[in-house]
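Novice: Enclosed is the structure file target.cif (mmCIF, C-alpha atoms, pLDDT in the B column; chains and numbers go by the auth columns).
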data_final
loop_
_atom_site.group_PDB
_atom_site.id
_atom_site.type_symbol
_atom_site.label_atom_id
_atom_site.label_comp_id
_atom_site.label_asym_id
_atom_site.label_seq_id
_atom_site.Cartn_x
_atom_site.Cartn_y
_atom_site.Cartn_z
_atom_site.B_iso_or_equiv
_atom_site.auth_seq_id
_atom_site.auth_asym_id
ATOM 1 C CA LEU A 1 32.400 39.992 0.520 39.00 1 A
ATOM 2 C CA LEU A 2 34.948 39.245 3.226 37.00 2 A
ATOM 3 C CA THR A 3 32.403 37.088 5.029 39.00 3 A
ATOM 4 C CA VAL A 4 31.623 35.146 1.849 37.00 4 A
ATOM 5 C CA PHE A 5 35.318 34.566 1.121 37.00 5 A
ATOM 6 C CA SER A 6 36.103 33.570 4.688 39.00 6 A
ATOM 7 C CA LEU A 7 33.189 31.123 4.755 39.00 7 A
ATOM 8 C CA ALA A 8 34.230 29.700 1.409 41.00 8 A
ATOM 9 C CA ALA A 9 37.781 29.242 2.654 43.00 9 A
ATOM 10 C CA CYS A 10 36.621 27.475 5.804 43.00 10 A
ATOM 11 C CA GLY A 11 33.901 25.493 4.077 45.00 11 A
ATOM 12 C CA GLY A 12 36.232 23.260 2.080 43.00 12 A
ATOM 13 C CA LYS A 13 36.889 19.927 3.708 40.00 13 A
ATOM 14 C CA GLU A 14 40.573 19.276 4.084 39.00 14 A
ATOM 15 C CA GLU A 15 41.647 15.751 3.380 41.00 15 A
ATOM 16 C CA ALA A 16 44.002 14.173 5.842 45.00 16 A
ATOM 17 C CA PRO A 17 47.397 13.477 4.361 46.00 17 A
ATOM 18 C CA ALA A 18 47.737 9.946 3.055 66.00 18 A
ATOM 19 C CA LYS A 19 49.483 7.638 5.474 83.00 19 A
ATOM 20 C CA ASP A 20 52.614 5.966 4.189 93.00 20 A
ATOM 21 C CA TYR A 21 53.490 2.568 5.601 97.00 21 A
ATOM 22 C CA SER A 22 55.832 -0.167 4.549 97.00 22 A
ATOM 23 C CA ALA A 23 54.463 -3.679 4.146 98.00 23 A
ATOM 24 C CA GLN A 24 56.599 -4.637 7.156 98.00 24 A
ATOM 25 C CA GLU A 25 55.010 -1.929 9.341 98.00 25 A
ATOM 26 C CA ILE A 26 51.501 -3.130 8.512 98.00 26 A
ATOM 27 C CA PHE A 27 52.538 -6.743 9.077 98.00 27 A
ATOM 28 C CA ASP A 28 54.045 -5.831 12.463 98.00 28 A
ATOM 29 C CA ALA A 29 50.919 -3.936 13.564 98.00 29 A
ATOM 30 C CA ILE A 30 48.728 -6.929 12.788 98.00 30 A
ATOM 31 C CA LYS A 31 51.173 -9.380 14.357 98.00 31 A
ATOM 32 C CA ASP A 32 51.391 -7.252 17.513 98.00 32 A
ATOM 33 C CA ALA A 33 47.580 -7.165 17.772 98.00 33 A
ATOM 34 C CA TYR A 34 47.501 -10.964 17.989 98.00 34 A
ATOM 35 C CA GLY A 35 50.418 -11.268 20.390 97.00 35 A
ATOM 36 C CA GLU A 36 51.153 -14.902 21.219 96.00 36 A
ATOM 37 C CA ASN A 37 48.151 -15.987 19.128 96.00 37 A
ATOM 38 C CA PHE A 38 49.951 -15.004 15.907 97.00 38 A
ATOM 39 C CA ILE A 39 50.733 -18.390 14.363 96.00 39 A
ATOM 40 C CA PRO A 40 52.453 -17.722 10.977 97.00 40 A
ATOM 41 C CA ASP A 41 56.184 -18.243 11.348 96.00 41 A
ATOM 42 C CA ALA A 42 57.622 -19.045 7.906 97.00 42 A
ATOM 43 C CA ASP A 43 58.248 -16.469 5.181 97.00 43 A
ATOM 44 C CA MET A 44 56.639 -17.162 1.828 96.00 44 A
ATOM 45 C CA VAL A 45 58.627 -17.083 -1.403 93.00 45 A
ATOM 46 C CA GLU A 46 57.893 -15.474 -4.765 91.00 46 A
ATOM 47 C CA GLU A 47 56.623 -18.723 -6.326 93.00 47 A
ATOM 48 C CA GLU A 48 53.853 -18.763 -3.711 93.00 48 A
ATOM 49 C CA TYR A 49 52.982 -15.135 -4.490 95.00 49 A
ATOM 50 C CA THR A 50 52.570 -15.838 -8.183 94.00 50 A
ATOM 51 C CA GLU A 51 51.256 -19.423 -8.141 94.00 51 A
ATOM 52 C CA THR A 52 49.075 -19.579 -5.031 92.00 52 A
ATOM 53 C CA TYR A 53 47.992 -15.937 -4.891 95.00 53 A
ATOM 54 C CA GLY A 54 48.066 -15.102 -8.610 95.00 54 A
ATOM 55 C CA LEU A 55 49.953 -11.882 -8.063 97.00 55 A
ATOM 56 C CA ASN A 56 51.508 -9.946 -10.899 97.00 56 A
ATOM 57 C CA MET A 57 54.735 -8.900 -9.193 97.00 57 A
ATOM 58 C CA ASP A 58 54.891 -5.844 -11.479 97.00 58 A
ATOM 59 C CA ASP A 59 51.963 -4.493 -9.413 98.00 59 A
ATOM 60 C CA VAL A 60 53.783 -4.973 -6.093 98.00 60 A
ATOM 61 C CA ALA A 61 56.043 -2.352 -4.514 98.00 61 A
ATOM 62 C CA GLU A 62 56.578 -4.267 -1.241 98.00 62 A
ATOM 63 C CA ILE A 63 55.375 -7.532 0.214 98.00 63 A
ATOM 64 C CA LYS A 64 55.646 -9.265 3.579 98.00 64 A
ATOM 65 C CA ALA A 65 54.000 -12.659 3.854 98.00 65 A
ATOM 66 C CA GLN A 66 54.135 -15.601 6.209 98.00 66 A
ATOM 67 C CA MET A 67 52.299 -18.841 6.767 97.00 67 A
ATOM 68 C CA ALA A 68 52.322 -21.427 9.519 96.00 68 A
ATOM 69 C CA MET A 69 55.179 -23.883 9.243 93.00 69 A
ATOM 70 C CA ILE A 70 53.062 -26.596 10.878 89.00 70 A
ATOM 71 C CA SER A 71 50.644 -27.824 8.231 83.00 71 A
ATOM 72 C CA PHE A 72 47.804 -28.326 10.720 88.00 72 A
ATOM 73 C CA HIS A 73 47.427 -24.546 11.037 92.00 73 A
ATOM 74 C CA PRO A 74 45.962 -22.749 8.003 95.00 74 A
ATOM 75 C CA ASP A 75 47.198 -19.384 9.289 97.00 75 A
ATOM 76 C CA ARG A 76 48.694 -16.999 6.764 97.00 76 A
ATOM 77 C CA ILE A 77 49.068 -13.308 6.091 98.00 77 A
ATOM 78 C CA VAL A 78 50.006 -11.507 2.891 98.00 78 A
ATOM 79 C CA VAL A 79 50.621 -7.765 3.216 98.00 79 A
ATOM 80 C CA ILE A 80 51.180 -5.803 0.032 98.00 80 A
ATOM 81 C CA LYS A 81 52.020 -2.220 -0.639 98.00 81 A
ATOM 82 C CA ALA A 82 51.004 -2.071 -4.286 98.00 82 A
ATOM 83 C CA LYS A 83 52.548 0.237 -6.800 98.00 83 A
ATOM 84 C CA GLU A 84 50.602 3.466 -7.174 97.00 84 A
ATOM 85 C CA GLY A 85 47.156 2.797 -8.594 97.00 85 A
ATOM 86 C CA LYS A 86 47.544 -1.002 -8.527 98.00 86 A
ATOM 87 C CA GLY A 87 45.712 -1.678 -5.237 97.00 87 A
ATOM 88 C CA GLU A 88 42.518 -2.730 -6.975 98.00 88 A
ATOM 89 C CA ALA A 89 44.331 -5.250 -9.199 98.00 89 A
ATOM 90 C CA VAL A 90 46.166 -6.706 -6.189 98.00 90 A
ATOM 91 C CA GLU A 91 42.905 -6.889 -4.237 98.00 91 A
ATOM 92 C CA ALA A 92 41.268 -8.783 -7.116 98.00 92 A
ATOM 93 C CA ALA A 93 44.137 -11.302 -7.221 98.00 93 A
ATOM 94 C CA LEU A 94 44.077 -11.889 -3.462 98.00 94 A
ATOM 95 C CA THR A 95 40.280 -12.158 -3.412 98.00 95 A
ATOM 96 C CA ALA A 96 40.382 -14.796 -6.162 97.00 96 A
ATOM 97 C CA ALA A 97 43.133 -16.636 -4.277 97.00 97 A
ATOM 98 C CA ARG A 98 41.127 -16.522 -1.051 97.00 98 A
ATOM 99 C CA GLU A 99 38.043 -17.897 -2.795 97.00 99 A
ATOM 100 C CA ASN A 100 40.138 -20.668 -4.336 95.00 100 A
ATOM 101 C CA LEU A 101 41.701 -21.576 -0.976 93.00 101 A
ATOM 102 C CA VAL A 102 38.297 -21.618 0.738 94.00 102 A
ATOM 103 C CA GLN A 103 36.658 -23.679 -1.977 94.00 103 A
ATOM 104 C CA PHE A 104 39.417 -26.081 -3.004 90.00 104 A
ATOM 105 C CA GLY A 105 41.952 -26.063 -0.175 88.00 105 A
ATOM 106 C CA MET A 106 42.589 -29.275 1.710 86.00 106 A
ATOM 107 C CA TRP A 107 41.843 -28.274 5.295 90.00 107 A
ATOM 108 C CA TYR A 108 41.487 -30.167 8.517 87.00 108 A
ATOM 109 C CA PRO A 109 37.832 -30.042 9.613 88.00 109 A
ATOM 110 C CA ALA A 110 38.854 -28.238 12.816 86.00 110 A
ATOM 111 C CA ASN A 111 40.162 -25.341 10.710 91.00 111 A
ATOM 112 C CA LEU A 112 37.203 -24.753 8.411 93.00 112 A
ATOM 113 C CA ALA A 113 35.760 -21.920 10.513 95.00 113 A
ATOM 114 C CA LYS A 114 39.065 -20.018 10.410 96.00 114 A
ATOM 115 C CA VAL A 115 39.437 -20.609 6.670 96.00 115 A
ATOM 116 C CA ASN A 116 35.897 -19.368 6.028 96.00 116 A
ATOM 117 C CA ALA A 117 36.446 -16.290 8.227 97.00 117 A
ATOM 118 C CA SER A 118 39.544 -15.215 6.269 98.00 118 A
ATOM 119 C CA GLN A 119 39.424 -11.790 4.646 98.00 119 A
ATOM 120 C CA VAL A 120 41.003 -9.546 2.060 98.00 120 A
ATOM 121 C CA LEU A 121 41.190 -5.887 3.065 98.00 121 A
ATOM 122 C CA ARG A 122 42.256 -2.845 1.078 98.00 122 A
ATOM 123 C CA ASN A 123 42.931 0.768 1.844 97.00 123 A
ATOM 124 C CA GLY A 124 44.140 2.523 -1.294 96.00 124 A
ATOM 125 C CA ASP A 125 47.222 0.701 -2.487 97.00 125 A
ATOM 126 C CA TYR A 126 47.612 -1.328 0.721 98.00 126 A
ATOM 127 C CA VAL A 127 46.113 -4.815 0.519 98.00 127 A
ATOM 128 C CA VAL A 128 46.099 -7.615 3.095 98.00 128 A
ATOM 129 C CA PHE A 129 44.943 -11.222 2.977 98.00 129 A
ATOM 130 C CA MET A 130 44.494 -12.659 6.469 98.00 130 A
ATOM 131 C CA MET A 131 43.659 -16.110 7.753 98.00 131 A
ATOM 132 C CA LEU A 132 44.596 -15.555 11.379 97.00 132 A
ATOM 133 C CA GLY A 133 43.605 -16.022 14.983 95.00 133 A
ATOM 134 C CA ALA A 134 44.032 -18.138 18.044 94.00 134 A
ATOM 135 C CA ALA A 135 43.571 -21.859 17.644 87.00 135 A
ATOM 136 C CA ASP A 136 40.129 -22.886 18.832 79.00 136 A
ATOM 137 C CA ASP A 137 40.795 -25.577 21.411 78.00 137 A
ATOM 138 C CA ASN A 138 37.102 -26.206 22.050 77.00 138 A
ATOM 139 C CA ILE A 139 36.738 -29.517 20.218 75.00 139 A
ATOM 140 C CA GLU A 140 33.120 -29.793 21.350 82.00 140 A
ATOM 141 C CA ALA A 141 32.106 -26.453 19.807 83.00 141 A
ATOM 142 C CA THR A 142 29.191 -26.444 17.404 90.00 142 A
ATOM 143 C CA GLU A 143 29.747 -25.134 13.864 91.00 143 A
ATOM 144 C CA GLU A 144 28.064 -21.883 14.876 94.00 144 A
ATOM 145 C CA GLU A 145 30.279 -21.484 17.948 94.00 145 A
ATOM 146 C CA ALA A 146 33.405 -22.214 15.926 93.00 146 A
ATOM 147 C CA ALA A 147 32.353 -19.724 13.242 94.00 147 A
ATOM 148 C CA LYS A 148 31.684 -17.043 15.880 96.00 148 A
ATOM 149 C CA PHE A 149 35.081 -17.642 17.504 96.00 149 A
ATOM 150 C CA ALA A 150 36.876 -17.499 14.147 96.00 150 A
ATOM 151 C CA LYS A 151 35.078 -14.291 13.171 97.00 151 A
ATOM 152 C CA GLU A 152 35.961 -12.658 16.501 97.00 152 A
ATOM 153 C CA GLN A 153 39.583 -13.683 16.051 97.00 153 A
ATOM 154 C CA MET A 154 39.672 -12.339 12.490 97.00 154 A
ATOM 155 C CA GLN A 155 38.271 -9.035 13.708 98.00 155 A
ATOM 156 C CA ILE A 156 41.470 -8.470 15.720 98.00 156 A
ATOM 157 C CA GLY A 157 43.458 -8.268 12.481 98.00 157 A
ATOM 158 C CA VAL A 158 40.769 -6.268 10.674 98.00 158 A
ATOM 159 C CA ASP A 159 40.792 -3.688 13.473 98.00 159 A
ATOM 160 C CA ALA A 160 44.600 -3.525 13.518 98.00 160 A
ATOM 161 C CA PHE A 161 44.667 -2.869 9.760 98.00 161 A
ATOM 162 C CA ASN A 162 41.837 -0.330 9.799 97.00 162 A
ATOM 163 C CA ASN A 163 43.277 1.539 12.810 97.00 163 A
ATOM 164 C CA LEU A 164 46.408 2.318 10.809 97.00 164 A
ATOM 165 C CA PHE A 165 44.376 4.498 8.483 95.00 165 A
ATOM 166 C CA LYS A 166 42.260 6.443 10.989 93.00 166 A
#
Here is a file; write its structure as structure tokens.
Specialist:
Amino acid sequence: LLTVFSLAACGGKEEAPAKDYSAQEIFDAIKDAYGENFIPDADMVEEEYTETYGLNMDDVAEIKAQMAMISFHPDRIVVIKAKEGKGEAVEAALTAARENLVQFGMWYPANLAKVNASQVLRNGDYVVFMMLGAADDNIEATEEEAAKFAKEQMQIGVDAFNNLFK
């Protein structure tokens, strides 16, 4: 019996304690991953959260968001710590906003690869919309080369976000 009980006690898989971050901490981790290639430099305001991103602010516990002040750059990041259980609703809003920006946004042709590579990520009640990365200075790049560069640049932010929850 002791063997059965000891095996049963050891057999259960312990879950790691949930990580608790502020929106600012997640923002800083992603910003640090890009270093000098982090382009957003102007804080967004609540009207942008509700109008551009369709957020219900009642679902948001914390938010840190910036976009590039220079209109040529499409770069932006929206980091949200949703209220408990509201991560899925926030993810849906940011995904719809991303799709709208990709489909209907007025972008310079040189930025289309970065816009198309943008992503919405979620881990529990933490949600991030990212359109980030170094500017691609290769004006002679093919569409495929530009898309590959943009995807590689986006992966920097994806990895920074995901590494917080390992």
Novice: Have a look at A:Glu88, A:Asp75, A:Glu140, A:Glu46 and name the one nearest to Asn123 of chain A; count all atoms listed in the file.
Specialist: A:Glu88
Novice: From the set A:Asp125, A:Thr95, A:Phe161, A:Lys166, which residue has the shortest atom-to-atom contact distance to Asp28 of chain A, counting all atoms listed in the file?
Specialist: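 Residue with the minimum atom-to-atom distance to Asp28 of chain A: A:Phe161.
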Novice: Specify as a VMD selection string each residue included when the PyMOL selection byres ((chain A and resi 111-118) around 12) is applied to this file.
Specialist: chain A and resid 71 to 78 94 to 95 97 to 110 119 to 121 128 to 139 141 to 158
Novice: Provide the atom CA of Val79 of chain A to atom CA of Gln24 of chain A distance in Å, to one decimal place.
Specialist: 7.8 Å
Novice: Asp59 of chain A: which residues within 8 Å, counting only C-alpha atoms, same-chain residues fewer than 2 positions away excluded, as a count of residues only?
Specialist: 9
Novice: Skip Gly124 of chain A itself and residues of its chain fewer than 6 positions away, then list as a PyMOL selection string all residues within 10 Å of it, counting only C-alpha atoms.
Specialist: chain A and resi 18+81-82+84-88+91+165
Novice: Dump C-alpha atoms for the selected residues as an mmCIF file, keeping the file's coordinate frame?
Specialist:
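File written: selection-v3.cif
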data_model
loop_
_atom_site.group_PDB
_atom_site.id
_atom_site.type_symbol
_atom_site.label_atom_id
_atom_site.label_comp_id
_atom_site.auth_asym_id
_atom_site.auth_seq_id
_atom_site.Cartn_x
_atom_site.Cartn_y
_atom_site.Cartn_z
ATOM 1 C CA ALA A 18 47.737 9.946 3.055
ATOM 2 C CA LYS A 81 52.020 -2.220 -0.639
ATOM 3 C CA ALA A 82 51.004 -2.071 -4.286
ATOM 4 C CA GLU A 84 50.602 3.466 -7.174
ATOM 5 C CA GLY A 85 47.156 2.797 -8.594
ATOM 6 C CA LYS A 86 47.544 -1.002 -8.527
ATOM 7 C CA GLY A 87 45.712 -1.678 -5.237
ATOM 8 C CA GLU A 88 42.518 -2.730 -6.975
ATOM 9 C CA GLU A 91 42.905 -6.889 -4.237
ATOM 10 C CA PHE A 165 44.376 4.498 8.483
#
Novice: Quote the spacing between atom CA of Tyr53 of chain A and atom CA of Ala96 of chain A in Å to one decimal place.
Specialist: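 Going from atom CA of Tyr53 of chain A over to atom CA of Ala96 of chain A, I get 7.8 Å.
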Novice: Can you tell me how far atom CA of Glu25 of chain A sits from atom CA of Val127 of chain A, in Å to one decimal?
Specialist: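 These two atoms are separated by 12.9 Å.
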Novice: Please determine an axis-aligned box that encloses all atoms of segment 90-94 of chain A listed in the file, with 4 Å added on each side, and express its centre and edge lengths in Å to one decimal as AutoDock Vina command-line options.
Specialist:
--center_x 43.7 --center_y -9.3 --center_z -5.3 --size_x 12.9 --size_y 13.2 --size_z 11.8
Novice: Taking all atoms listed in the file into account, which of A:Ala23, A:Ala29, A:Ala93, A:Met69 comes nearest Thr52 of chain A?
Specialist: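 Ranked by minimum distance to Thr52 of chain A, first place goes to A:Ala93.
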Novice: Could you list, as a PyMOL selection string, every residue within 9 Å of Met44 of chain A, counting only C-alpha atoms and ignoring same-chain residues fewer than 6 positions away?
Specialist: chain A and resi 64-67+78
